[in-house]
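Have a look at the structure below before the remarks.
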Amino acid sequence: MEVKIEESWKKALAPEFEKPYFQTLAANLHAEKRSGVTIYPPGPLIFNAFNLTPLDKVKVVIIGQDPYHGPGQAEGLSFSVPHGIAIPPSLVNIYKEISSDIGVDMSHKDGSLIGWARQGVFLLNAILTVRSGQAASHSRLGWSQFTDAVIRILSEHRSGLVFLLWGNFARTKKDLIDTSRHTVLEAAHPSPLARGAFFGCRHFSRTNEALVSEGLDPIDWTL
């Protein structure tokens, strides 16, 4: 089937797009849209993470759960919201940890993480769509099978990546990653519901140390 996605990802994921589960997933999405259901993110942004970070440019992988379900929030990147949208609580805590970890002022930064994506931070939600106002409403459509395949491709076809697994859900993905080829950093979820357990993980400095050890440029987290 025809999917609008960056060419390197399109080639790597071609077998997934032809599988029955993905055909059913696509049909269900189209049926919901025809019935008047509002789905986030907008169609052109569903594969935004892939389009901003080609397969051979990925250096860091941050795995989220599903998109924000409020109007104007989802832009196809985990934890990210478009310019001008209020910064969600989890991202506020991420910025606090960056500030304390690497000693930078994040007060200038809004909620869009496109600057990270363009540096090689692959911001992957395990579920790529959601119904308006209904969190996790597309969790059974088949997206997890698709994004598990994405993680396996990254693990098998790349080396020296840094995977950041925040919270119990993201940690379930560790079995998909070859830890002999990649760095995996685990922490509590940055959500306020985790009561601050995320703070002190130092994942941002540790990520950059791992990248430099691989001969790669570190991420400028202030962008």
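Going by the structure tokens order, chains are called A, B, ..., each with residues numbered from 1, while ligands are numbered from 1 in the order shown.
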Near region 17-32 of chain A, 9 Å: region 99-180 of chain A residue rows, closest pairs, only C-alpha atoms, as JSON lines:
{"residue": "A:Thr129", "atom": "CA", "partner": "A:Leu29", "partner_atom": "CA", "distance": 8.9}
{"residue": "A:Leu141", "atom": "CA", "partner": "A:Leu25", "partner_atom": "CA", "distance": 5.6}
{"residue": "A:Gly142", "atom": "CA", "partner": "A:Leu25", "partner_atom": "CA", "distance": 6.0}
{"residue": "A:Trp143", "atom": "CA", "partner": "A:Leu25", "partner_atom": "CA", "distance": 7.6}
{"residue": "A:Gln145", "atom": "CA", "partner": "A:Tyr21", "partner_atom": "CA", "distance": 8.4}
{"residue": "A:Phe146", "atom": "CA", "partner": "A:Phe22", "partner_atom": "CA", "distance": 7.6}
Closest pair table for region 43-144 of chain A residues within 12 Å of region 188-198 of chain A, only C-alpha atoms, as a tab-separated table:
residue	atom	partner	partner_atom	distance
A:Ile62	CA	A:His189	CA	11.6
A:Ile63	CA	A:His189	CA	10.8
A:Gly64	CA	A:His189	CA	9.6
A:Gln65	CA	A:His189	CA	10.8
A:Phe79	CA	A:Pro190	CA	9.9
A:Pro88	CA	A:Ser191	CA	9.2
A:Pro89	CA	A:Ser191	CA	6.5
A:Ser90	CA	A:Ser191	CA	4.4
A:Leu91	CA	A:Pro190	CA	7.3
A:Val92	CA	A:Pro190	CA	8.6
A:Asn93	CA	A:Pro190	CA	5.8
A:Ile94	CA	A:Pro190	CA	6.2
A:Tyr95	CA	A:Pro190	CA	9.8
A:Lys96	CA	A:Pro190	CA	9.9
A:Glu97	CA	A:Phe198	CA	8.0
A:Ile98	CA	A:Phe198	CA	11.2
A:Asp101	CA	A:Phe198	CA	11.8
Limited to N, CA, C and O atoms, could you put the picked residues into a file as a compact mmCIF listing (two decimals), in the first residue's frame?
# COMPACT_ATOMS: atom_id res chain seq x y z
N ILE A 62 13.82 7.66 21.81
CA ILE A 62 13.00 7.89 23.00
C ILE A 62 11.62 7.34 22.73
O ILE A 62 10.94 7.79 21.80
N ILE A 63 11.21 6.35 23.51
CA ILE A 63 9.95 5.64 23.26
C ILE A 63 8.85 6.17 24.18
O ILE A 63 8.96 6.11 25.40
N GLY A 64 7.80 6.69 23.56
CA GLY A 64 6.61 7.11 24.29
C GLY A 64 5.50 6.09 24.09
O GLY A 64 5.69 5.06 23.43
N GLN A 65 4.31 6.40 24.65
CA GLN A 65 3.22 5.44 24.59
C GLN A 65 2.26 5.74 23.45
O GLN A 65 2.22 5.03 22.46
N PHE A 79 6.38 12.91 23.28
CA PHE A 79 6.58 13.95 24.30
C PHE A 79 6.54 15.37 23.75
O PHE A 79 6.58 16.33 24.52
N PRO A 88 3.38 20.13 28.13
CA PRO A 88 2.76 19.13 29.01
C PRO A 88 3.63 18.84 30.24
O PRO A 88 4.85 19.02 30.22
N PRO A 89 3.01 18.37 31.33
CA PRO A 89 3.74 18.16 32.58
C PRO A 89 4.96 17.23 32.46
O PRO A 89 5.99 17.50 33.08
N SER A 90 4.84 16.16 31.68
CA SER A 90 5.99 15.25 31.54
C SER A 90 7.17 15.96 30.89
O SER A 90 8.32 15.77 31.29
N LEU A 91 6.88 16.79 29.90
CA LEU A 91 7.96 17.50 29.21
C LEU A 91 8.55 18.58 30.11
O LEU A 91 9.76 18.84 30.07
N VAL A 92 7.73 19.21 30.94
CA VAL A 92 8.25 20.15 31.94
C VAL A 92 9.30 19.45 32.81
O VAL A 92 10.39 20.00 33.06
N ASN A 93 8.99 18.22 33.24
CA ASN A 93 9.94 17.48 34.08
C ASN A 93 11.18 17.05 33.30
O ASN A 93 12.29 17.01 33.86
N ILE A 94 11.01 16.72 32.03
CA ILE A 94 12.18 16.40 31.19
C ILE A 94 13.11 17.61 31.13
O ILE A 94 14.34 17.48 31.28
N TYR A 95 12.55 18.78 30.91
CA TYR A 95 13.37 19.99 30.85
C TYR A 95 14.06 20.27 32.19
O TYR A 95 15.21 20.72 32.22
N LYS A 96 13.36 20.03 33.29
CA LYS A 96 13.97 20.22 34.61
C LYS A 96 15.18 19.30 34.79
O LYS A 96 16.22 19.72 35.31
N GLU A 97 15.04 18.05 34.34
CA GLU A 97 16.15 17.11 34.47
C GLU A 97 17.32 17.51 33.57
O GLU A 97 18.49 17.40 33.98
N ILE A 98 17.04 17.99 32.38
CA ILE A 98 18.11 18.47 31.50
C ILE A 98 18.86 19.61 32.18
O ILE A 98 20.10 19.64 32.19
N ASP A 101 20.91 18.24 35.03
CA ASP A 101 21.89 17.25 34.57
C ASP A 101 23.08 17.91 33.89
O ASP A 101 24.24 17.63 34.21
Mind checking DSSP for region 97-218 of chain A and telling me the alpha helix (DSSP H) residues as a ChimeraX atom specification?
/A:97-102,114-117,143-157,167-171,203-213
Ser180 (chain A) surroundings by only C-alpha atoms, 10 Å radius, close-in-sequence under 2 positions cut, as a ChimeraX atom specification
/A:155,159-160,177-178,182-184
From the set A:Asp220, A:Glu6, A:Glu186, A:Asp66, which residue has the shortest atom-to-atom contact distance to Leu165 (chain A), counting only C-alpha atoms?
A:Glu186
Who sits within 12 Å of Val212 (chain A), only C-alpha atoms, same chain under 4 positions skipped, as a compact mmCIF listing (two decimals) with N, CA and C atoms, in the first residue's frame:
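Below is the file out31.txt, written as the result:
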# COMPACT_ATOMS: atom_id res chain seq x y z
N LYS A 59 20.34 8.44 16.12
CA LYS A 59 21.40 8.25 17.12
C LYS A 59 20.82 7.87 18.49
N GLY A 160 25.45 1.11 18.07
CA GLY A 160 25.85 2.27 18.85
C GLY A 160 24.75 3.27 19.15
N LEU A 161 23.49 2.85 19.04
CA LEU A 161 22.38 3.75 19.37
C LEU A 161 22.19 3.80 20.88
N VAL A 162 21.52 4.86 21.34
CA VAL A 162 21.14 4.98 22.74
C VAL A 162 19.61 4.94 22.82
N SER A 205 23.11 13.70 29.91
CA SER A 205 24.59 13.69 29.88
C SER A 205 25.10 12.29 29.56
N ARG A 206 24.44 11.27 30.09
CA ARG A 206 24.88 9.89 29.84
C ARG A 206 24.69 9.51 28.36
N THR A 207 23.62 10.00 27.76
CA THR A 207 23.42 9.78 26.33
C THR A 207 24.56 10.39 25.53
N ASN A 208 24.91 11.63 25.85
CA ASN A 208 25.96 12.30 25.09
C ASN A 208 27.32 11.64 25.31
N LEU A 216 30.43 9.97 17.71
CA LEU A 216 29.32 10.75 17.18
C LEU A 216 29.19 12.08 17.92
N ASP A 217 28.59 13.05 17.26
CA ASP A 217 28.37 14.35 17.89
C ASP A 217 27.30 14.20 18.98
N PRO A 218 27.49 14.89 20.12
CA PRO A 218 26.48 14.87 21.16
C PRO A 218 25.23 15.65 20.73
N ILE A 219 24.13 15.42 21.44
CA ILE A 219 22.90 16.13 21.17
C ILE A 219 22.91 17.45 21.91
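Backbone DSSP of region 46-219 of chain A yields strand (DSSP E) at Val60, Val61, Ile62, Ile63, Gly64, Val121, Phe122, Leu123, Leu124, Asn125, Val130, Arg131, Val162, Phe163, Leu164, Leu165, Trp166, Thr183, Val184, Leu185, Glu186 and Ala187 of chain A.
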Quick one: residues within 7 Å of Leu185 (chain A), only C-alpha atoms, excluding same-chain residues fewer than 6 positions away - as a PyMOL selection string?
chain A and resi 163-165+203
For Leu55 (chain A), which residue out of A:Trp221, A:Phe199, A:Phe169, A:Phe122 is the nearest one, using only C-alpha atoms?
A:Phe122
For Leu223 (chain A), work out the shell of residues within 8 Å, counting only C-alpha atoms and skipping chain neighbours fewer than 5 positions away, then give it as an MDAnalysis selection string.
chainID A and resid 109 113 115:116
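Distances to Ala12 (chain A) were evaluated for A:Ile87, A:Ile114, A:Gly70, A:Asp56 using only C-alpha atoms, and the minimum falls at A:Asp56.
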Interatomic distance between CA of Thr38 (chain A) and CA of Gln134 (chain A)?
10.4 Å
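Between CA of Ser35 (chain A) and CA of Val130 (chain A) the separation is 15.0 Å.
For the pair CA of Ser112 (chain A) and CA of His83 (chain A), the separation is 5.5 Å.
Considering the residues A:Thr53, A:Thr172, A:Pro67, A:Val3 and counting only C-alpha atoms, Ala135 (chain A) has its shortest atom-to-atom contact with A:Pro67.
Among the candidates A:Gly72, A:Gly120, A:Val60, A:Arg181, the one nearest to His157 (chain A) when counting only C-alpha atoms is A:Arg181.
In this comparison, which uses only C-alpha atoms, the residue of A:Ile85, A:Cys201, A:Ala74, A:Val37 approaching Leu128 (chain A) most closely is A:Ala74.
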